[in-house]
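Q: Contents of input.pdb (PDB, C-alpha atoms, pLDDT in the B column) are below:
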ATOM      1  CA  MET J   1      -6.393  -5.501 -17.451  1.00 64.00           C
ATOM      2  CA  HIS J   2      -3.139  -4.068 -18.677  1.00 81.00           C
ATOM      3  CA  PRO J   3      -3.353  -0.896 -20.824  1.00 87.00           C
ATOM      4  CA  GLU J   4      -1.566  -2.660 -23.698  1.00 85.00           C
ATOM      5  CA  ASP J   5      -4.157  -5.448 -23.697  1.00 83.00           C
ATOM      6  CA  VAL J   6      -6.975  -2.883 -23.731  1.00 84.00           C
ATOM      7  CA  LEU J   7      -5.385  -1.124 -26.696  1.00 90.00           C
ATOM      8  CA  LYS J   8      -4.908  -4.376 -28.612  1.00 90.00           C
ATOM      9  CA  GLY J   9      -8.537  -5.290 -27.992  1.00 90.00           C
ATOM     10  CA  ARG J  10      -9.790  -1.924 -29.185  1.00 92.00           C
ATOM     11  CA  MET J  11      -7.551  -2.117 -32.227  1.00 96.00           C
ATOM     12  CA  ALA J  12      -8.994  -5.560 -33.027  1.00 96.00           C
ATOM     13  CA  GLU J  13     -12.499  -4.110 -32.769  1.00 95.00           C
ATOM     14  CA  ALA J  14     -11.523  -1.255 -35.123  1.00 97.00           C
ATOM     15  CA  LEU J  15      -9.967  -3.691 -37.624  1.00 98.00           C
ATOM     16  CA  VAL J  16     -13.092  -5.863 -37.668  1.00 98.00           C
ATOM     17  CA  ASN J  17     -15.293  -2.785 -37.946  1.00 98.00           C
ATOM     18  CA  GLU J  18     -13.366  -1.506 -40.978  1.00 98.00           C
ATOM     19  CA  LEU J  19     -13.060  -4.967 -42.591  1.00 98.00           C
ATOM     20  CA  LEU J  20     -16.819  -5.450 -42.429  1.00 98.00           C
ATOM     21  CA  ARG J  21     -17.437  -1.919 -43.790  1.00 98.00           C
ATOM     22  CA  ALA J  22     -14.957  -2.423 -46.633  1.00 98.00           C
ATOM     23  CA  CYS J  23     -16.932  -5.501 -47.694  1.00 98.00           C
ATOM     24  CA  GLY J  24     -20.181  -3.524 -47.960  1.00 98.00           C
ATOM     25  CA  ASN J  25     -21.725  -4.112 -44.536  1.00 98.00           C
ATOM     26  CA  LYS J  26     -23.178  -1.357 -42.372  1.00 98.00           C
ATOM     27  CA  VAL J  27     -21.451  -1.364 -38.991  1.00 98.00           C
ATOM     28  CA  TYR J  28     -22.523   0.385 -35.810  1.00 96.00           C
ATOM     29  CA  ARG J  29     -20.592   0.491 -32.555  1.00 92.00           C
ATOM     30  CA  PHE J  30     -22.698  -0.950 -29.771  1.00 90.00           C
ATOM     31  CA  GLY J  31     -21.252  -2.612 -26.694  1.00 80.00           C
ATOM     32  CA  TYR J  32     -21.420  -2.100 -22.990  1.00 73.00           C
ATOM     33  CA  GLU J  33     -18.496   0.335 -22.976  1.00 71.00           C
ATOM     34  CA  THR J  34     -19.989   2.369 -25.852  1.00 71.00           C
ATOM     35  CA  VAL J  35     -23.703   2.466 -25.159  1.00 65.00           C
ATOM     36  CA  LEU J  36     -23.656   2.409 -21.391  1.00 66.00           C
ATOM     37  CA  GLN J  37     -20.512   4.362 -20.526  1.00 61.00           C
ATOM     38  CA  ASN J  38     -22.018   5.652 -17.303  1.00 61.00           C
ATOM     39  CA  LEU J  39     -22.817   2.123 -16.145  1.00 59.00           C
ATOM     40  CA  THR J  40     -19.190   1.054 -16.555  1.00 56.00           C
ATOM     41  CA  GLN J  41     -18.368   3.599 -13.869  1.00 59.00           C
ATOM     42  CA  LEU J  42     -21.239   2.400 -11.671  1.00 58.00           C
ATOM     43  CA  GLU J  43     -20.457  -1.297 -12.134  1.00 57.00           C
ATOM     44  CA  GLN J  44     -19.328  -1.556  -8.517  1.00 58.00           C
ATOM     45  CA  THR J  45     -22.745  -0.373  -7.307  1.00 58.00           C
ATOM     46  CA  PHE J  46     -24.887  -3.108  -8.801  1.00 61.00           C
ATOM     47  CA  LYS J  47     -24.814  -6.801  -8.038  1.00 65.00           C
ATOM     48  CA  LYS J  48     -22.648  -8.544 -10.611  1.00 66.00           C
ATOM     49  CA  TYR J  49     -24.270 -11.947 -10.529  1.00 71.00           C
ATOM     50  CA  THR J  50     -27.888 -11.144 -11.256  1.00 78.00           C
ATOM     51  CA  ARG J  51     -29.376 -12.102 -14.615  1.00 79.00           C
ATOM     52  CA  THR J  52     -29.854  -8.440 -15.531  1.00 77.00           C
ATOM     53  CA  SER J  53     -26.264  -7.466 -14.746  1.00 74.00           C
ATOM     54  CA  LYS J  54     -24.969 -10.454 -16.744  1.00 75.00           C
ATOM     55  CA  ILE J  55     -27.068  -9.364 -19.724  1.00 78.00           C
ATOM     56  CA  ILE J  56     -25.824  -5.765 -19.437  1.00 76.00           C
ATOM     57  CA  ARG J  57     -22.167  -6.838 -19.277  1.00 75.00           C
ATOM     58  CA  SER J  58     -22.654  -9.162 -22.253  1.00 81.00           C
ATOM     59  CA  ILE J  59     -23.788  -6.476 -24.732  1.00 87.00           C
ATOM     60  CA  PRO J  60     -21.887  -7.209 -27.982  1.00 92.00           C
ATOM     61  CA  ASP J  61     -19.401  -4.748 -29.494  1.00 93.00           C
ATOM     62  CA  LEU J  62     -21.052  -4.134 -32.872  1.00 95.00           C
ATOM     63  CA  VAL J  63     -24.319  -4.290 -34.756  1.00 96.00           C
ATOM     64  CA  VAL J  64     -23.735  -5.271 -38.381  1.00 98.00           C
ATOM     65  CA  VAL J  65     -26.277  -5.184 -41.195  1.00 98.00           C
ATOM     66  CA  ASN J  66     -25.099  -7.189 -44.185  1.00 97.00           C
ATOM     67  CA  LYS J  67     -25.846  -6.412 -47.835  1.00 96.00           C
ATOM     68  CA  GLN J  68     -28.996  -8.554 -47.670  1.00 97.00           C
ATOM     69  CA  GLY J  69     -30.316  -6.386 -44.822  1.00 97.00           C
ATOM     70  CA  GLU J  70     -29.821  -9.047 -42.146  1.00 97.00           C
ATOM     71  CA  PRO J  71     -28.749  -7.621 -38.761  1.00 97.00           C
ATOM     72  CA  PHE J  72     -26.182  -9.349 -36.549  1.00 96.00           C
ATOM     73  CA  PHE J  73     -24.714  -8.641 -33.151  1.00 95.00           C
ATOM     74  CA  VAL J  74     -20.936  -9.098 -33.224  1.00 95.00           C
ATOM     75  CA  GLU J  75     -18.535  -9.566 -30.324  1.00 93.00           C
ATOM     76  CA  VAL J  76     -14.844  -9.013 -31.103  1.00 94.00           C
ATOM     77  CA  LYS J  77     -12.022 -10.631 -29.149  1.00 91.00           C
ATOM     78  CA  PHE J  78      -8.247 -10.528 -29.582  1.00 92.00           C
ATOM     79  CA  ARG J  79      -5.791 -13.287 -28.697  1.00 87.00           C
ATOM     80  CA  THR J  80      -2.045 -13.404 -29.204  1.00 82.00           C
ATOM     81  CA  ASN J  81      -0.172 -16.328 -30.638  1.00 64.00           C
ATOM     82  CA  GLU J  82       1.070 -17.087 -27.120  1.00 59.00           C
ATOM     83  CA  ALA J  83      -2.483 -17.826 -26.035  1.00 53.00           C
ATOM     84  CA  SER J  84      -2.393 -21.530 -26.693  1.00 55.00           C
ATOM     85  CA  ARG J  85      -5.525 -23.273 -27.751  1.00 60.00           C
ATOM     86  CA  PRO J  86      -8.123 -23.496 -26.548  1.00 65.00           C
ATOM     87  CA  TRP J  87      -8.422 -19.801 -27.284  1.00 71.00           C
ATOM     88  CA  PHE J  88     -10.636 -19.234 -24.259  1.00 78.00           C
ATOM     89  CA  ASN J  89     -10.602 -20.646 -20.769  1.00 79.00           C
ATOM     90  CA  LYS J  90     -13.721 -22.169 -19.218  1.00 81.00           C
ATOM     91  CA  LYS J  91     -14.873 -18.862 -17.676  1.00 82.00           C
ATOM     92  CA  GLU J  92     -14.422 -16.975 -20.967  1.00 82.00           C
ATOM     93  CA  TRP J  93     -16.335 -19.645 -22.926  1.00 78.00           C
ATOM     94  CA  GLY J  94     -19.110 -19.256 -20.359  1.00 79.00           C
ATOM     95  CA  GLU J  95     -19.194 -15.505 -20.976  1.00 81.00           C
ATOM     96  CA  LEU J  96     -19.194 -16.043 -24.750  1.00 80.00           C
ATOM     97  CA  LYS J  97     -22.010 -18.566 -24.428  1.00 78.00           C
ATOM     98  CA  ASP J  98     -23.961 -15.900 -22.486  1.00 79.00           C
ATOM     99  CA  ILE J  99     -23.446 -13.514 -25.400  1.00 83.00           C
ATOM    100  CA  CYS J 100     -24.699 -16.181 -27.818  1.00 79.00           C
ATOM    101  CA  ARG J 101     -27.657 -17.012 -25.581  1.00 78.00           C
ATOM    102  CA  TYR J 102     -28.761 -13.475 -24.722  1.00 83.00           C
ATOM    103  CA  TRP J 103     -27.907 -11.758 -28.005  1.00 89.00           C
ATOM    104  CA  ASN J 104     -27.563 -14.518 -30.623  1.00 88.00           C
ATOM    105  CA  ALA J 105     -24.217 -12.871 -31.369  1.00 91.00           C
ATOM    106  CA  VAL J 106     -21.423 -13.785 -33.734  1.00 91.00           C
ATOM    107  CA  LEU J 107     -17.894 -13.895 -32.301  1.00 91.00           C
ATOM    108  CA  ILE J 108     -15.037 -12.636 -34.456  1.00 94.00           C
ATOM    109  CA  LEU J 109     -11.616 -13.469 -33.084  1.00 92.00           C
ATOM    110  CA  VAL J 110      -8.534 -11.557 -34.214  1.00 95.00           C
ATOM    111  CA  THR J 111      -5.294 -13.477 -33.635  1.00 91.00           C
ATOM    112  CA  THR J 112      -1.585 -13.174 -34.315  1.00 91.00           C
ATOM    113  CA  LYS J 113      -1.567 -16.536 -36.076  1.00 89.00           C
ATOM    114  CA  PRO J 114      -3.185 -17.135 -39.493  1.00 91.00           C
ATOM    115  CA  PRO J 115      -6.020 -17.084 -40.167  1.00 92.00           C
ATOM    116  CA  TYR J 116      -5.993 -13.727 -38.419  1.00 95.00           C
ATOM    117  CA  PHE J 117      -9.760 -13.290 -38.488  1.00 96.00           C
ATOM    118  CA  MET J 118     -11.866 -16.227 -37.297  1.00 92.00           C
ATOM    119  CA  ILE J 119     -15.588 -16.525 -36.662  1.00 91.00           C
ATOM    120  CA  PHE J 120     -17.812 -18.482 -34.285  1.00 83.00           C
ATOM    121  CA  ASP J 121     -21.587 -18.195 -34.062  1.00 69.00           C
ATOM    122  CA  ASP J 122     -24.585 -19.648 -32.297  1.00 62.00           C
ATOM    123  CA  SER J 123     -25.144 -22.330 -34.944  1.00 62.00           C
ATOM    124  CA  THR J 124     -21.649 -23.673 -34.233  1.00 59.00           C
ATOM    125  CA  TYR J 125     -22.282 -23.528 -30.475  1.00 58.00           C
ATOM    126  CA  LYS J 126     -25.603 -25.373 -30.796  1.00 59.00           C
ATOM    127  CA  LYS J 127     -23.822 -28.176 -32.652  1.00 60.00           C
ATOM    128  CA  GLY J 128     -21.662 -28.593 -29.549  1.00 57.00           C
ATOM    129  CA  LYS J 129     -18.482 -27.381 -31.204  1.00 60.00           C
ATOM    130  CA  ASN J 130     -16.219 -24.654 -29.927  1.00 60.00           C
ATOM    131  CA  THR J 131     -14.774 -24.348 -33.412  1.00 73.00           C
ATOM    132  CA  LEU J 132     -13.573 -21.156 -35.011  1.00 78.00           C
ATOM    133  CA  VAL J 133     -13.320 -20.951 -38.797  1.00 85.00           C
ATOM    134  CA  SER J 134     -11.692 -18.382 -41.063  1.00 91.00           C
ATOM    135  CA  ILE J 135     -13.968 -15.398 -41.656  1.00 95.00           C
ATOM    136  CA  GLY J 136     -13.191 -15.821 -45.362  1.00 94.00           C
ATOM    137  CA  ASN J 137     -15.113 -19.135 -45.293  1.00 90.00           C
ATOM    138  CA  ASP J 138     -18.223 -17.586 -43.765  1.00 89.00           C
ATOM    139  CA  LYS J 139     -20.822 -16.149 -46.151  1.00 91.00           C
ATOM    140  CA  LYS J 140     -22.959 -13.883 -43.922  1.00 93.00           C
ATOM    141  CA  PHE J 141     -20.684 -10.834 -44.192  1.00 96.00           C
ATOM    142  CA  GLY J 142     -19.530 -11.244 -47.809  1.00 96.00           C
ATOM    143  CA  ILE J 143     -15.835 -11.013 -46.977  1.00 97.00           C
ATOM    144  CA  LYS J 144     -13.850 -10.528 -50.179  1.00 97.00           C
ATOM    145  CA  SER J 145     -10.470 -12.260 -50.315  1.00 97.00           C
ATOM    146  CA  ASP J 146      -8.573  -9.221 -51.657  1.00 97.00           C
ATOM    147  CA  ILE J 147      -9.925  -7.011 -48.869  1.00 98.00           C
ATOM    148  CA  LEU J 148      -9.225  -9.699 -46.276  1.00 98.00           C
ATOM    149  CA  GLU J 149      -5.604  -9.822 -47.467  1.00 98.00           C
ATOM    150  CA  LYS J 150      -5.267  -6.073 -46.898  1.00 98.00           C
ATOM    151  CA  PHE J 151      -6.519  -6.461 -43.350  1.00 98.00           C
ATOM    152  CA  ASN J 152      -4.287  -9.478 -42.784  1.00 97.00           C
ATOM    153  CA  SER J 153      -1.389  -7.169 -43.686  1.00 97.00           C
ATOM    154  CA  LEU J 154      -2.561  -4.688 -41.054  1.00 97.00           C
ATOM    155  CA  VAL J 155      -2.572  -7.410 -38.406  1.00 96.00           C
ATOM    156  CA  GLU J 156       0.987  -8.311 -39.384  1.00 95.00           C
ATOM    157  CA  LYS J 157       2.053  -4.669 -39.398  1.00 95.00           C
ATOM    158  CA  TYR J 158       0.569  -3.646 -36.046  1.00 92.00           C
ATOM    159  CA  TYR J 159       0.558  -6.838 -33.985  1.00 91.00           C
ATOM    160  CA  LEU J 160       3.583  -8.764 -35.156  1.00 86.00           C
ATOM    161  CA  ARG J 161       6.272  -6.077 -35.005  1.00 77.00           C
TER     162      ARG J 161
END
Take the structure I supplied and represent it as structure tokens, if you would.

A:
Amino acid sequence: MHPEDVLKGRMAEALVNELLRACGNKVYRFGYETVLQNLTQLEQTFKKYTRTSKIIRSIPDLVVVNKQGEPFFVEVKFRTNEASRPWFNKKEWGELKDICRYWNAVLILVTTKPPYFMIFDDSTYKKGKNTLVSIGNDKKFGIKSDILEKFNSLVEKYYLR
């Protein structure tokens, strides 16, 4: 991966983290890179294609507890406007399906095209749809429209200039 892509991905994770917090959710960094930093360095030493290694590499980025006390695993991805739809290639959808299967995770996609924050979860996947909807239309995280607008402005400020 290119350093710029890594930075954009981490910035997307930080934006989602702060958006969810601003709307009253409790957010905890999780993720393979966060929780198992030493394993990221040892990745070359274990077999990549075993079930266990796939589960380890699929650890979602965040744990979010909403205002009702419901916990969710959240995976954050970033895609530029140039990334034509579908947003993910076949291999990436396979990896995201692993995250849904192993962790029952929610995917939040940050893009450079409105809506800037989109969501996909296991219920959508089980219906056979690879459909992303605006996070403002999803009720589980209580996203407030005025707060979402502030974060939309941040996407425009930092990604579109």

Q: What residues have an atom no more than 8 Å from (-9.6, -10.5, -25.6) in the file's own frame, counting all atoms listed in the file, and can you write them as a list in words?

A: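 Using all atoms listed in the file, the matching residues come out as Asp5, Gly9, Val76, Lys77, Phe78 and Arg79 of chain J.
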
Q: I'd like the residues picked by the PyMOL selection byres ((chain J and resi 55-65) around 9) written out as JSON, numbers by chain, using the chain letters and numbers from the file.

A: {"J": [13, 17, 20, 21, 25, 26, 27, 28, 29, 30, 31, 32, 33, 34, 35, 36, 40, 48, 50, 51, 52, 53, 54, 66, 67, 68, 69, 70, 71, 72, 73, 74, 75, 76, 95, 96, 98, 99, 102, 103, 105, 106, 107, 141]}

Q: Any idea what's packed within 10 Å of Thr80 in chain J, counting only C-alpha atoms, ignoring anything in its chain fewer than 5 positions away? Could you give it as a short mmCIF file (atom, residue, chain, number, x, y, z; two decimals) with C-alpha atoms, in the coordinates of the input?

A:
data_model
loop_
_atom_site.label_atom_id
_atom_site.label_comp_id
_atom_site.auth_asym_id
_atom_site.auth_seq_id
_atom_site.Cartn_x
_atom_site.Cartn_y
_atom_site.Cartn_z
CA ASP J 5 -4.16 -5.45 -23.70
CA LYS J 8 -4.91 -4.38 -28.61
CA TRP J 87 -8.42 -19.80 -27.28
CA VAL J 110 -8.53 -11.56 -34.21
CA THR J 111 -5.29 -13.48 -33.64
CA THR J 112 -1.58 -13.17 -34.32
CA LYS J 113 -1.57 -16.54 -36.08
CA TYR J 159 0.56 -6.84 -33.98
CA LEU J 160 3.58 -8.76 -35.16
#

Q: Looking at all atoms listed in the file, which of J:Val6, J:Ala14, J:Cys23, J:Leu154 is the one that sits closest to Lys140 in chain J?

A: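 Among J:Val6, J:Ala14, J:Cys23, J:Leu154, it is J:Cys23 that comes nearest to Lys140 in chain J.
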
Q: Smallest atom-to-atom distance to Glu149 in chain J: which of J:Val133, J:Cys100, J:Met118, J:Leu19, using only C-alpha atoms?

A: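 Using only C-alpha atoms, Glu149 in chain J sits closest to J:Leu19.
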
Q: Can you tell me how far CA of Lys91 in chain J sits from CA of Ile108 in chain J, in Å to one decimal?

A: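 Between these atoms lies a distance of 17.9 Å.
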
Q: Grab the CA of Ile119 in chain J to CA of Ser134 in chain J distance for me, in Å with one decimal place.

A: 6.2 Å

Q: What is the distance between CA of Lys139 in chain J and CA of Phe117 in chain J, in Å to one decimal?

A: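 The value is 13.8 Å.
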
Q: Considering all atoms listed in the file, can you say which of J:Tyr116, J:Asp138, J:Asn89, J:Lys97 comes closest to Lys150 in chain J?

A: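 Selected residue with least distance to Lys150 in chain J: J:Tyr116.
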
Q: Which is closer to Leu148 in chain J than all the others in J:Gly136, J:Pro114, J:Gly24, J:Gly94, using all atoms listed in the file?

A: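 Residue with the minimum atom-to-atom distance to Leu148 in chain J: J:Gly136.
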
Q: Kindly indicate which residue among J:Pro3, J:Leu132, J:Glu92, J:Arg10 lies nearest to Pro115 in chain J, using all atoms listed in the file for the distances.

A: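 That would be J:Leu132, the residue with the smallest distance to Pro115 in chain J.
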